[in-house]
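Here is the file coords.cif (mmCIF, C-alpha atoms and all ligand atoms).
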```cif
data_data
#
loop_
_atom_site.label_atom_id
_atom_site.label_comp_id
_atom_site.auth_asym_id
_atom_site.auth_seq_id
_atom_site.Cartn_x
_atom_site.Cartn_y
_atom_site.Cartn_z
CA MET G 10 -21.22 74.42 4.80
CA THR G 11 -18.82 71.44 4.46
CA LYS G 12 -19.44 69.25 7.50
CA SER G 13 -16.91 66.71 8.59
CA VAL G 14 -17.44 63.22 7.19
CA PRO G 15 -15.65 59.87 7.62
CA HIS G 16 -12.53 59.26 5.57
CA LEU G 17 -12.01 55.71 4.30
CA ALA G 18 -8.50 54.45 3.63
CA GLU G 19 -9.87 52.05 0.99
CA LEU G 20 -13.08 51.03 -0.71
CA PRO G 21 -14.84 48.30 1.31
CA LEU G 22 -15.21 45.31 -1.02
CA GLU G 23 -15.82 42.40 1.32
CA ARG G 24 -19.40 41.16 1.27
CA PRO G 25 -20.95 39.98 4.54
CA PRO G 26 -20.13 36.31 5.25
CA GLY G 27 -22.97 34.03 4.18
CA CYS G 28 -24.72 36.85 2.26
CA PRO G 29 -23.30 36.63 -1.27
CA PHE G 30 -26.03 38.93 -2.63
CA ASP G 31 -25.49 41.85 -0.24
CA PRO G 32 -23.05 44.71 -0.80
CA PRO G 33 -20.32 45.20 1.82
CA ALA G 34 -22.03 45.95 5.17
CA GLU G 35 -19.81 48.98 5.77
CA LEU G 36 -21.23 50.67 2.67
CA ALA G 37 -24.78 50.30 3.95
CA SER G 38 -24.03 51.78 7.37
CA LEU G 39 -22.09 54.64 5.79
CA ARG G 40 -24.84 55.39 3.29
CA ASP G 41 -27.52 55.82 5.89
CA GLU G 42 -25.43 58.33 7.90
CA HIS G 43 -23.09 59.83 5.31
CA PRO G 44 -24.09 59.18 1.69
CA LEU G 45 -20.93 61.00 0.54
CA VAL G 46 -17.60 60.42 2.32
CA ARG G 47 -13.90 60.92 1.68
CA LEU G 48 -11.98 58.01 0.16
CA THR G 49 -8.30 57.44 -0.52
CA PHE G 50 -8.01 55.71 -3.90
CA PRO G 51 -5.48 52.88 -4.43
CA ASP G 52 -3.22 55.25 -6.41
CA GLY G 53 -3.12 57.66 -3.46
CA HIS G 54 -5.64 60.13 -4.91
CA GLU G 55 -7.76 61.79 -2.21
CA GLY G 56 -11.31 61.67 -3.51
CA TRP G 57 -14.81 60.74 -2.49
CA LEU G 58 -17.20 57.81 -2.24
CA ALA G 59 -20.93 58.19 -2.93
CA THR G 60 -23.31 55.53 -1.64
CA GLY G 61 -26.71 57.29 -1.45
CA TYR G 62 -29.15 56.73 -4.31
CA SER G 63 -29.95 60.37 -5.01
CA ILE G 64 -26.31 61.50 -4.78
CA VAL G 65 -25.07 58.73 -7.10
CA ARG G 66 -27.78 59.55 -9.62
CA SER G 67 -27.20 63.29 -9.45
CA ILE G 68 -23.44 62.90 -10.04
CA VAL G 69 -23.81 60.70 -13.14
CA ALA G 70 -26.45 63.07 -14.53
CA ASP G 71 -24.26 66.16 -13.99
CA PRO G 72 -22.08 67.31 -16.92
CA ARG G 73 -19.72 68.96 -14.42
CA PHE G 74 -18.52 65.40 -13.71
CA SER G 75 -16.45 63.63 -16.33
CA ALA G 76 -16.15 59.99 -17.34
CA ARG G 77 -12.94 60.65 -19.27
CA GLN G 78 -10.41 57.84 -19.13
CA GLU G 79 -7.41 60.09 -18.46
CA LEU G 80 -9.14 61.80 -15.51
CA ILE G 81 -10.49 58.72 -13.80
CA HIS G 82 -8.82 57.25 -10.74
CA SER G 83 -10.07 53.71 -10.21
CA PRO G 84 -11.46 53.04 -6.71
CA LEU G 85 -10.71 49.34 -7.22
CA PRO G 86 -7.28 48.00 -6.28
CA GLY G 87 -4.91 46.73 -8.98
CA PRO G 88 -3.81 47.84 -12.40
CA ALA G 89 -7.30 48.19 -13.93
CA ALA G 90 -7.03 51.92 -13.30
CA MET G 91 -4.26 52.13 -15.84
CA VAL G 92 -5.73 49.99 -18.56
CA THR G 93 -5.73 51.82 -21.86
CA PRO G 94 -7.91 51.13 -24.87
CA PRO G 95 -6.70 49.13 -27.87
CA PRO G 96 -3.56 50.44 -29.56
CA ALA G 97 -4.03 53.21 -32.08
CA ALA G 98 -7.71 53.48 -31.18
CA PRO G 99 -9.25 56.77 -30.01
CA GLY G 100 -10.57 55.28 -26.75
CA MET G 101 -13.94 53.93 -25.77
CA PHE G 102 -16.97 56.18 -25.70
CA ILE G 103 -17.94 54.90 -22.24
CA LYS G 104 -14.86 56.86 -21.10
CA MET G 105 -15.67 60.06 -23.03
CA ASP G 106 -17.81 63.11 -22.32
CA ASP G 107 -20.32 64.85 -24.57
CA PRO G 108 -20.20 66.04 -27.27
CA GLU G 109 -17.53 63.46 -28.23
CA HIS G 110 -19.38 60.63 -26.48
CA GLY G 111 -22.72 61.65 -28.00
CA ARG G 112 -21.36 61.42 -31.53
CA TYR G 113 -20.63 57.71 -31.12
CA ARG G 114 -23.68 57.01 -29.02
CA LYS G 115 -25.97 58.54 -31.67
CA LEU G 116 -24.63 56.20 -34.33
CA LEU G 117 -25.41 53.20 -32.12
CA THR G 118 -28.66 54.03 -30.31
CA GLY G 119 -30.85 53.00 -33.25
CA LYS G 120 -29.23 49.57 -33.31
CA PHE G 121 -30.20 48.74 -29.70
CA THR G 122 -33.76 50.07 -29.41
CA VAL G 123 -36.52 48.20 -27.59
CA ARG G 124 -38.13 47.47 -30.97
CA ARG G 125 -34.99 46.08 -32.55
CA MET G 126 -34.19 43.97 -29.54
CA ARG G 127 -37.73 42.57 -29.35
CA LEU G 128 -37.36 41.49 -32.99
CA LEU G 129 -34.55 39.28 -31.74
CA THR G 130 -36.80 37.41 -29.33
CA GLU G 131 -37.39 34.48 -31.67
CA ARG G 132 -33.68 33.95 -32.22
CA VAL G 133 -33.00 34.22 -28.48
CA GLU G 134 -35.72 31.61 -27.87
CA GLN G 135 -34.05 29.29 -30.35
CA VAL G 136 -30.63 29.73 -28.73
CA VAL G 137 -32.03 29.26 -25.22
CA THR G 138 -33.90 26.10 -26.26
CA GLU G 139 -30.76 24.63 -27.86
CA HIS G 140 -28.77 25.20 -24.68
CA LEU G 141 -31.51 23.76 -22.47
CA ASP G 142 -31.72 20.70 -24.74
CA ALA G 143 -27.97 20.20 -24.51
CA MET G 144 -28.06 20.61 -20.73
CA GLU G 145 -30.82 18.06 -20.43
CA ARG G 146 -29.03 15.60 -22.71
CA GLN G 147 -25.84 15.92 -20.70
CA GLY G 148 -27.88 15.28 -17.55
CA SER G 149 -27.97 16.41 -13.93
CA PRO G 150 -25.86 17.87 -12.35
CA ALA G 151 -24.50 20.62 -14.59
CA ASP G 152 -22.64 23.89 -14.24
CA LEU G 153 -25.21 26.51 -15.16
CA VAL G 154 -22.49 29.05 -15.99
CA ALA G 155 -20.70 26.90 -18.57
CA ALA G 156 -23.82 25.24 -19.98
CA PHE G 157 -26.21 28.19 -20.08
CA ALA G 158 -25.44 31.59 -18.56
CA GLN G 159 -22.13 32.16 -20.30
CA PRO G 160 -22.69 30.87 -23.86
CA ILE G 161 -26.13 32.40 -24.56
CA PRO G 162 -25.18 36.10 -24.25
CA ALA G 163 -21.85 35.35 -25.96
CA LEU G 164 -23.57 33.81 -28.95
CA MET G 165 -26.12 36.64 -29.13
CA ILE G 166 -23.59 39.49 -29.01
CA CYS G 167 -21.40 37.72 -31.58
CA GLU G 168 -24.33 37.29 -33.97
CA LEU G 169 -25.52 40.85 -33.50
CA LEU G 170 -22.11 42.39 -34.05
CA GLY G 171 -21.07 39.94 -36.74
CA VAL G 172 -18.12 38.47 -34.85
CA PRO G 173 -17.47 34.73 -35.43
CA TYR G 174 -18.79 32.82 -32.40
CA ALA G 175 -16.29 30.07 -33.21
CA ASP G 176 -13.69 32.39 -31.63
CA HIS G 177 -15.61 32.83 -28.37
CA GLU G 178 -13.05 30.96 -26.27
CA PHE G 179 -10.47 33.49 -27.41
CA PHE G 180 -12.72 36.42 -26.36
CA ARG G 181 -13.64 34.85 -23.07
CA ARG G 182 -9.99 34.25 -22.20
CA ASN G 183 -9.01 37.80 -23.11
CA VAL G 184 -11.98 39.67 -21.61
CA ALA G 185 -11.53 37.88 -18.24
CA PRO G 186 -8.37 39.75 -17.11
CA LEU G 187 -9.91 43.09 -18.17
CA ASN G 188 -12.67 42.73 -15.59
CA LYS G 189 -10.23 41.68 -12.87
CA PRO G 190 -8.66 44.70 -11.21
CA ASP G 191 -5.96 42.47 -9.70
CA ALA G 192 -4.86 40.80 -12.95
CA PRO G 193 -1.21 41.67 -13.74
CA LEU G 194 -0.88 44.71 -15.96
CA ALA G 195 1.16 42.74 -18.52
CA GLU G 196 -1.66 40.20 -18.81
CA GLN G 197 -4.22 42.96 -19.28
CA GLU G 198 -2.13 44.67 -21.92
CA GLU G 199 -1.59 41.43 -23.77
CA ALA G 200 -5.35 40.77 -23.75
CA ILE G 201 -6.10 44.30 -25.01
CA ASN G 202 -3.58 43.94 -27.83
CA ALA G 203 -4.85 40.51 -28.85
CA LEU G 204 -8.52 41.61 -28.87
CA GLY G 205 -7.72 44.93 -30.54
CA GLU G 206 -5.75 43.28 -33.33
CA TYR G 207 -8.41 40.63 -33.87
CA LEU G 208 -11.22 43.19 -34.08
CA TYR G 209 -9.22 45.55 -36.29
CA ARG G 210 -8.66 42.75 -38.81
CA LEU G 211 -12.36 41.92 -38.67
CA ILE G 212 -13.36 45.54 -39.36
CA VAL G 213 -10.96 45.78 -42.31
CA ALA G 214 -12.48 42.58 -43.73
CA LYS G 215 -16.01 43.95 -43.27
CA ARG G 216 -15.07 47.15 -45.02
CA ALA G 217 -13.89 45.13 -48.00
CA GLU G 218 -17.02 43.02 -47.90
CA PRO G 219 -19.85 44.48 -45.76
CA THR G 220 -21.95 41.96 -43.82
CA ASP G 221 -25.53 42.09 -42.56
CA ASP G 222 -24.84 42.83 -38.88
CA ILE G 223 -24.12 45.84 -36.64
CA LEU G 224 -20.42 46.13 -37.45
CA GLY G 225 -21.23 45.53 -41.13
CA GLU G 226 -23.70 48.43 -41.00
CA LEU G 227 -21.27 50.66 -39.13
CA VAL G 228 -18.50 50.33 -41.73
CA THR G 229 -20.78 52.26 -44.09
CA THR G 230 -20.81 55.30 -41.74
CA GLU G 231 -18.18 58.01 -41.31
CA LEU G 232 -16.38 56.01 -38.59
CA THR G 233 -12.73 55.11 -39.17
CA ASP G 234 -11.34 51.59 -38.76
CA GLU G 235 -9.73 52.66 -35.48
CA GLU G 236 -12.98 54.09 -34.13
CA LEU G 237 -14.86 50.97 -35.17
CA THR G 238 -12.29 48.74 -33.48
CA SER G 239 -12.86 50.65 -30.25
CA ILE G 240 -16.63 50.40 -30.54
CA ALA G 241 -16.47 46.67 -31.31
CA PHE G 242 -14.15 46.21 -28.33
CA LEU G 243 -16.55 47.98 -25.97
CA LEU G 244 -19.69 46.24 -27.25
CA LEU G 245 -18.11 42.79 -27.20
CA GLY G 246 -16.58 43.32 -23.77
CA ALA G 247 -19.82 44.71 -22.33
CA GLY G 248 -21.95 42.01 -23.95
CA LEU G 249 -19.97 38.95 -22.88
CA ASP G 250 -19.75 39.11 -19.12
CA THR G 251 -22.66 41.20 -17.91
CA THR G 252 -25.87 39.38 -18.89
CA ALA G 253 -24.05 36.08 -18.24
CA ASN G 254 -23.50 37.07 -14.62
CA MET G 255 -27.06 38.27 -14.18
CA LEU G 256 -28.33 34.91 -15.43
CA ALA G 257 -26.10 32.87 -13.13
CA LEU G 258 -26.21 35.07 -10.02
CA GLY G 259 -29.93 35.67 -10.62
CA THR G 260 -30.59 31.92 -10.68
CA PHE G 261 -28.49 31.50 -7.53
CA ALA G 262 -30.54 34.23 -5.80
CA LEU G 263 -33.82 32.64 -6.91
CA LEU G 264 -32.75 29.22 -5.64
CA ARG G 265 -31.84 30.80 -2.28
CA HIS G 266 -35.29 32.46 -2.03
CA PRO G 267 -37.62 29.49 -2.58
CA ASP G 268 -40.83 31.36 -1.66
CA GLN G 269 -40.08 34.06 -4.19
CA LEU G 270 -39.17 31.45 -6.81
CA ARG G 271 -42.40 29.55 -6.17
CA ALA G 272 -44.49 32.71 -6.58
CA LEU G 273 -42.65 33.52 -9.81
CA ARG G 274 -43.25 30.03 -11.18
CA GLU G 275 -46.95 30.38 -10.34
CA ASP G 276 -47.19 33.73 -12.11
CA PRO G 277 -44.86 33.78 -15.14
CA GLU G 278 -46.41 37.11 -16.18
CA SER G 279 -44.54 38.73 -13.29
CA LEU G 280 -41.15 37.85 -14.80
CA GLU G 281 -40.41 41.27 -16.34
CA GLY G 282 -40.83 43.03 -12.99
CA ALA G 283 -38.92 40.24 -11.24
CA ILE G 284 -35.95 40.82 -13.54
CA GLU G 285 -35.85 44.52 -12.61
CA GLU G 286 -35.83 43.54 -8.95
CA LEU G 287 -33.01 41.04 -9.55
CA LEU G 288 -31.06 43.77 -11.34
CA ARG G 289 -31.55 46.10 -8.37
CA TYR G 290 -30.90 43.51 -5.68
CA LEU G 291 -27.77 42.07 -7.30
CA THR G 292 -26.25 45.17 -9.01
CA ILE G 293 -23.47 43.21 -10.71
CA ALA G 294 -21.71 46.36 -12.06
CA HIS G 295 -21.23 47.56 -8.52
CA THR G 296 -18.79 50.51 -8.60
CA GLY G 297 -18.09 53.24 -11.13
CA ALA G 298 -16.34 56.60 -10.92
CA ARG G 299 -16.46 60.18 -12.21
CA THR G 300 -14.16 63.20 -11.82
CA ALA G 301 -15.24 66.77 -11.10
CA LEU G 302 -14.32 69.19 -13.91
CA GLU G 303 -14.96 72.20 -11.64
CA ASP G 304 -15.75 72.75 -7.96
CA VAL G 305 -19.19 71.24 -7.33
CA GLU G 306 -21.26 71.27 -4.18
CA VAL G 307 -23.00 67.96 -3.59
CA GLY G 308 -24.98 66.99 -0.52
CA GLY G 309 -23.45 69.81 1.54
CA GLN G 310 -19.87 68.86 0.54
CA LEU G 311 -17.52 70.67 -1.80
CA ILE G 312 -16.03 68.32 -4.39
CA LYS G 313 -13.07 70.18 -5.85
CA ALA G 314 -12.12 70.30 -9.53
CA GLY G 315 -9.97 67.25 -10.34
CA GLN G 316 -11.30 65.14 -7.47
CA ALA G 317 -12.69 61.71 -8.33
CA VAL G 318 -15.84 60.21 -6.85
CA ALA G 319 -16.31 56.46 -6.58
CA LEU G 320 -19.96 55.61 -7.13
CA SER G 321 -21.37 52.57 -5.39
CA ALA G 322 -24.39 51.53 -7.45
CA GLY G 323 -24.65 48.48 -5.20
CA ALA G 324 -25.16 50.62 -2.09
CA ALA G 325 -27.40 53.10 -3.96
CA ASN G 326 -29.71 50.32 -5.06
CA ARG G 327 -30.15 49.32 -1.40
CA ASP G 328 -30.95 52.84 -0.24
CA PRO G 329 -34.06 52.71 2.02
CA LEU G 330 -34.92 56.29 1.04
CA LYS G 331 -35.64 54.96 -2.46
CA PHE G 332 -36.56 51.30 -1.94
CA PRO G 333 -38.43 50.35 1.25
CA GLU G 334 -36.90 47.29 2.96
CA PRO G 335 -34.11 47.40 0.41
CA ASP G 336 -32.29 44.27 1.59
CA ARG G 337 -35.30 42.10 0.92
CA LEU G 338 -35.52 40.46 -2.48
CA ASP G 339 -39.13 41.14 -3.34
CA LEU G 340 -39.87 40.13 -6.91
CA ARG G 341 -43.23 41.90 -6.76
CA ARG G 342 -41.89 45.31 -5.80
CA ASN G 343 -41.64 48.14 -8.29
CA ALA G 344 -37.88 48.36 -8.77
CA ALA G 345 -38.11 50.93 -11.59
CA GLY G 346 -35.49 53.63 -11.38
CA HIS G 347 -32.79 51.26 -10.08
CA ALA G 348 -29.23 52.18 -10.91
CA ALA G 349 -28.06 48.76 -12.14
CA PHE G 350 -27.78 50.02 -15.74
CA GLY G 351 -26.38 53.37 -14.63
CA HIS G 352 -28.09 56.67 -15.32
CA GLY G 353 -27.56 59.78 -17.44
CA VAL G 354 -25.81 59.90 -20.81
CA HIS G 355 -23.83 56.71 -20.23
CA GLN G 356 -26.84 54.65 -19.18
CA CYS G 357 -26.35 51.13 -20.53
CA LEU G 358 -26.73 50.97 -24.30
CA GLY G 359 -27.33 47.21 -24.18
CA GLN G 360 -30.05 47.20 -21.53
CA GLN G 361 -32.85 46.16 -23.88
CA LEU G 362 -30.72 43.37 -25.29
CA ALA G 363 -29.94 42.23 -21.75
CA ARG G 364 -33.63 42.36 -20.78
CA VAL G 365 -34.78 40.30 -23.79
CA GLN G 366 -32.13 37.67 -23.08
CA MET G 367 -32.90 37.52 -19.36
CA LYS G 368 -36.62 37.24 -19.97
CA VAL G 369 -36.34 34.39 -22.44
CA ALA G 370 -33.55 32.62 -20.56
CA PHE G 371 -35.13 32.72 -17.07
CA ALA G 372 -38.53 31.72 -18.48
CA GLY G 373 -37.01 28.82 -20.40
CA LEU G 374 -34.85 27.61 -17.53
CA LEU G 375 -37.66 27.65 -14.96
CA ALA G 376 -40.12 25.95 -17.30
CA ARG G 377 -37.65 23.24 -18.35
CA PHE G 378 -36.44 22.29 -14.87
CA PRO G 379 -39.27 22.54 -12.31
CA SER G 380 -37.06 20.81 -9.72
CA LEU G 381 -33.93 22.94 -10.30
CA ARG G 382 -31.75 23.17 -7.17
CA LEU G 383 -28.20 23.83 -6.10
CA ALA G 384 -25.97 20.76 -6.41
CA VAL G 385 -23.53 21.99 -3.75
CA PRO G 386 -23.95 23.84 -0.43
CA ALA G 387 -24.51 27.55 -1.10
CA ASP G 388 -21.24 28.54 0.57
CA GLU G 389 -19.29 26.44 -1.93
CA VAL G 390 -20.45 28.46 -4.93
CA PRO G 391 -17.35 30.33 -6.18
CA LEU G 392 -18.07 34.08 -6.14
CA ARG G 393 -16.51 36.64 -8.47
CA THR G 394 -15.16 38.74 -5.63
CA ASP G 395 -12.04 39.61 -7.67
CA SER G 396 -13.98 41.04 -10.61
CA ASP G 397 -15.59 44.42 -11.15
CA ILE G 398 -18.54 42.55 -12.63
CA TYR G 399 -19.90 40.55 -9.72
CA GLY G 400 -21.41 37.09 -10.12
CA VAL G 401 -20.36 33.47 -9.82
CA TYR G 402 -17.63 31.52 -11.61
CA ALA G 403 -19.70 28.34 -11.57
CA LEU G 404 -23.18 27.36 -10.41
CA PRO G 405 -23.53 23.60 -9.95
CA VAL G 406 -27.23 22.77 -10.31
CA ALA G 407 -29.21 19.54 -10.26
CA TRP G 408 -32.72 18.45 -11.24
CA ASP G 409 -34.81 15.26 -11.24
C1 LIG L 501 -27.46 42.81 -17.24
C2 LIG L 501 -26.53 43.20 -18.03
C3 LIG L 501 -25.85 44.55 -18.02
C4 LIG L 501 -25.58 45.41 -16.97
C5 LIG L 501 -25.93 45.21 -15.51
C6 LIG L 501 -24.93 46.58 -17.54
C7 LIG L 501 -24.53 47.69 -16.80
C8 LIG L 501 -24.06 48.87 -17.35
C9 LIG L 501 -23.77 50.08 -16.61
C10 LIG L 501 -23.92 50.24 -15.10
C11 LIG L 501 -23.36 51.03 -17.49
C12 LIG L 501 -22.99 52.50 -17.18
C13 LIG L 501 -21.53 52.66 -16.92
C14 LIG L 501 -21.15 54.07 -16.53
O1 LIG L 501 -21.99 54.95 -16.36
O2 LIG L 501 -19.94 54.30 -16.36
C15 LIG L 501 -23.36 50.42 -18.81
C16 LIG L 501 -22.97 51.05 -19.97
C17 LIG L 501 -22.86 50.40 -21.19
N1 LIG L 501 -23.29 49.12 -21.48
FE1 LIG L 501 -24.13 47.81 -20.23
N2 LIG L 501 -24.81 46.40 -18.89
C18 LIG L 501 -25.35 45.19 -19.23
C19 LIG L 501 -25.44 44.64 -20.48
C20 LIG L 501 -24.91 45.19 -21.62
C21 LIG L 501 -24.92 44.55 -22.92
C22 LIG L 501 -25.53 43.20 -23.25
C23 LIG L 501 -24.28 45.40 -23.77
C24 LIG L 501 -24.05 45.12 -25.22
C25 LIG L 501 -24.27 45.89 -26.17
C26 LIG L 501 -23.91 46.60 -23.01
C27 LIG L 501 -23.26 47.71 -23.52
C28 LIG L 501 -23.01 48.87 -22.80
C29 LIG L 501 -22.37 50.05 -23.39
C30 LIG L 501 -21.91 50.19 -24.82
C31 LIG L 501 -22.28 51.01 -22.38
C32 LIG L 501 -21.70 52.41 -22.48
C33 LIG L 501 -22.77 53.40 -22.81
C34 LIG L 501 -22.26 54.82 -22.92
O3 LIG L 501 -21.18 55.14 -22.41
O4 LIG L 501 -22.97 55.64 -23.53
N3 LIG L 501 -24.30 46.42 -21.71
N4 LIG L 501 -23.80 49.11 -18.69
#
```
Can the structure from this file be put into structure tokens for me?
Amino acid sequence: MTKSVPHLAELPLERPPGCPFDPPAELASLRDEHPLVRLTFPDGHEGWLATGYSIVRSIVADPRFSARQELIHSPLPGPAAMVTPPPAAPGMFIKMDDPEHGRYRKLLTGKFTVRRMRLLTERVEQVVTEHLDAMERQGSPADLVAAFAQPIPALMICELLGVPYADHEFFRRNVAPLNKPDAPLAEQEEAINALGEYLYRLIVAKRAEPTDDILGELVTTELTDEELTSIAFLLLGAGLDTTANMLALGTFALLRHPDQLRALREDPESLEGAIEELLRYLTIAHTGARTALEDVEVGGQLIKAGQAVALSAGAANRDPLKFPEPDRLDLRRNAAGHAAFGHGVHQCLGQQLARVQMKVAFAGLLARFPSLRLAVPADEVPLRTDSDIYGVYALPVAWD
């Protein structure tokens, strides 16, 4: 039954030169021949790497695989594998299995529904307009990350949760090392402690005086201060860096595909579908992991109890068995079913929030600056190759 498959000594992370939007070429060639291969993890653990769309999806949908923090071996190099949740907190529900995970998720699902997020549209429009106004006032050229992509999702998640936006520099500084697998462990721990303490104090204050926001609503539930600190930590961390990178990397991709951009400008109604295709094509949360709780046969291979599987969502979203001509950005294709928000019980809780923000932000940006272009050669755009959320650190843009 188990046929012999390649064994990688490390996870390929290097993207093809000159193709900042493509996953590492080695992943693509592996996927087409061997969608599940052996992989030695940076901590020496002998596990697996899944790159095929249907295998990645089946593993994350299978309760015989665990997302539990203490079982996970990180496929990414550096200390990120060892990062623990805030002190005294019970851990984050993204790293828990059901039924424990489901208990937290149930308390939050109603706060992130399509309906609730659509109600936010007007406020997102206001925030986007203010940032476009400021960008225009400051004049061309500008860094789209600092002026637009980064602050808009930060402001929105702060308002939703009820976290003072005035402190956003503090969050940004402390969330940054947590997404960088290579950041020194001491720096990561310091950031976790600082954020944990800050959020714990905020929760205690909200309990004394409840506010009209998500954390303010949650203090009235059965959740303890420690549980709420963990939830706030996860939501803030997930809300700050993800949509921001989709906005910046998405704009970069559009500017590098002028025909696609032109067609999108001519048909603004196609924006919703275009965003799904950008999510698929760019897959900024590129690699996750799960651990087998028992022996499981997958794709003709036996994954043994205790073995971890690295999951390349980036490779899965370029699987030709699911998406014809997968390496082509085609804003008109039906990209539904992509794995950019994950799949199964941990599928992204914030996806509707992210979609509303992307829709309003891309629409506003394209309408405001019809002549938007890169202000530097494409190969000078600094890429987030050292982060587990891919994107760009800056995007210098110009307009007339
Ligand atoms: C374009 C932007 C985003 C992308 C690409 C993204 C991607 C993902 C992915 C791939 C997962 C699944 C992780 C796994 O299975 O291990 C996930 C989970 C999650 N995301 Fe997002 N995300 C985005 C925006 C957001 C935002 C704005 C929030 C803010 C609320 C958020 C909150 C969460 C939470 C709480 C989970 C854990 C869900 C659970 O474990 O049940 N995400 N996200």
Taking all atoms listed in the file into account, list the residues no farther than 6 Å from ligand LIG 501 (chain L), as a PyMOL selection string.
chain G and resi 102-103+114+243-244+247-248+251-252+255+293-294+297+349-351+354-360+362-363
Please provide as a PyMOL selection string all residues within 9 Å of Arg127 of chain G, with the sequence filter that same-chain residues fewer than 4 positions apart are discarded (counting all atoms listed in the file).
chain G and resi 122-123+131+361-362+365
Please indicate the distance in Å from atom CA of Leu330 of chain G to atom CA of Ala317 of chain G, rounded to one decimal place.
24.7 Å
In terms of the shortest atom-to-atom distance over only C-alpha atoms, which of G:Ala200, G:Val136, G:Ala76, G:Cys28 is closest to Asp388 of chain G?
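The answer is G:Cys28, which sits nearest to Asp388 of chain G.
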Find the residue from G:Ile201, G:Leu80, G:Leu170, G:Leu287 that sits nearest to Val228 of chain G; use all atoms listed in the file when measuring.
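Closest to Val228 of chain G, using all atoms listed in the file: G:Leu170.
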Edge lengths and centre, in Å to one decimal, as lines of an AutoDock Vina configuration file: that's what I need for the box along x, y and z that holds all listed atoms of segment 368-386 of chain G plus 3 Å on each side.
```
center_x = -31.8
center_y = 29.0
center_z = -11.4
size_x = 22.6
size_y = 22.5
size_z = 28.0
```
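Counting all atoms listed in the file, the residue from G:Ser239, G:Thr260, G:Ser279, G:Thr229 that sits nearest to Tyr113 of chain G is G:Ser239.
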For Met105 of chain G, which of G:Leu128, G:Tyr209, G:Thr300, G:Tyr62 is the closest residue, counting only C-alpha atoms?
G:Thr300
Atoms are missing here; could segment 18-22 of chain G be completed with all heavy atoms and written as a compact mmCIF listing (two decimals), in the coordinates of the input?
```txt
# COMPACT_ATOMS: atom_id res chain seq x y z
N ALA G 18 -9.85 54.65 4.18
CA ALA G 18 -8.50 54.45 3.63
C ALA G 18 -8.57 53.58 2.38
O ALA G 18 -7.63 53.53 1.59
CB ALA G 18 -7.62 53.79 4.68
N GLU G 19 -9.68 52.84 2.22
CA GLU G 19 -9.87 52.05 0.99
C GLU G 19 -11.35 51.76 0.80
O GLU G 19 -12.13 51.87 1.74
CB GLU G 19 -9.05 50.76 1.03
CG GLU G 19 -9.42 49.87 2.17
CD GLU G 19 -8.52 48.66 2.31
OE1 GLU G 19 -7.58 48.50 1.51
OE2 GLU G 19 -8.77 47.87 3.22
N LEU G 20 -11.69 51.35 -0.41
CA LEU G 20 -13.08 51.03 -0.71
C LEU G 20 -13.42 49.67 -0.09
O LEU G 20 -12.75 48.68 -0.37
CB LEU G 20 -13.25 50.95 -2.24
CG LEU G 20 -14.64 50.61 -2.75
CD1 LEU G 20 -15.59 51.77 -2.52
CD2 LEU G 20 -14.59 50.25 -4.23
N PRO G 21 -14.47 49.61 0.76
CA PRO G 21 -14.84 48.30 1.31
C PRO G 21 -15.36 47.40 0.18
O PRO G 21 -16.23 47.82 -0.59
CB PRO G 21 -15.97 48.63 2.29
CG PRO G 21 -15.94 50.11 2.47
CD PRO G 21 -15.34 50.69 1.23
N LEU G 22 -14.80 46.21 0.07
CA LEU G 22 -15.21 45.31 -1.02
C LEU G 22 -15.73 43.98 -0.50
O LEU G 22 -16.34 43.22 -1.23
CB LEU G 22 -14.03 45.06 -1.97
CG LEU G 22 -13.69 46.21 -2.92
CD1 LEU G 22 -12.40 45.93 -3.66
CD2 LEU G 22 -14.83 46.45 -3.92
```
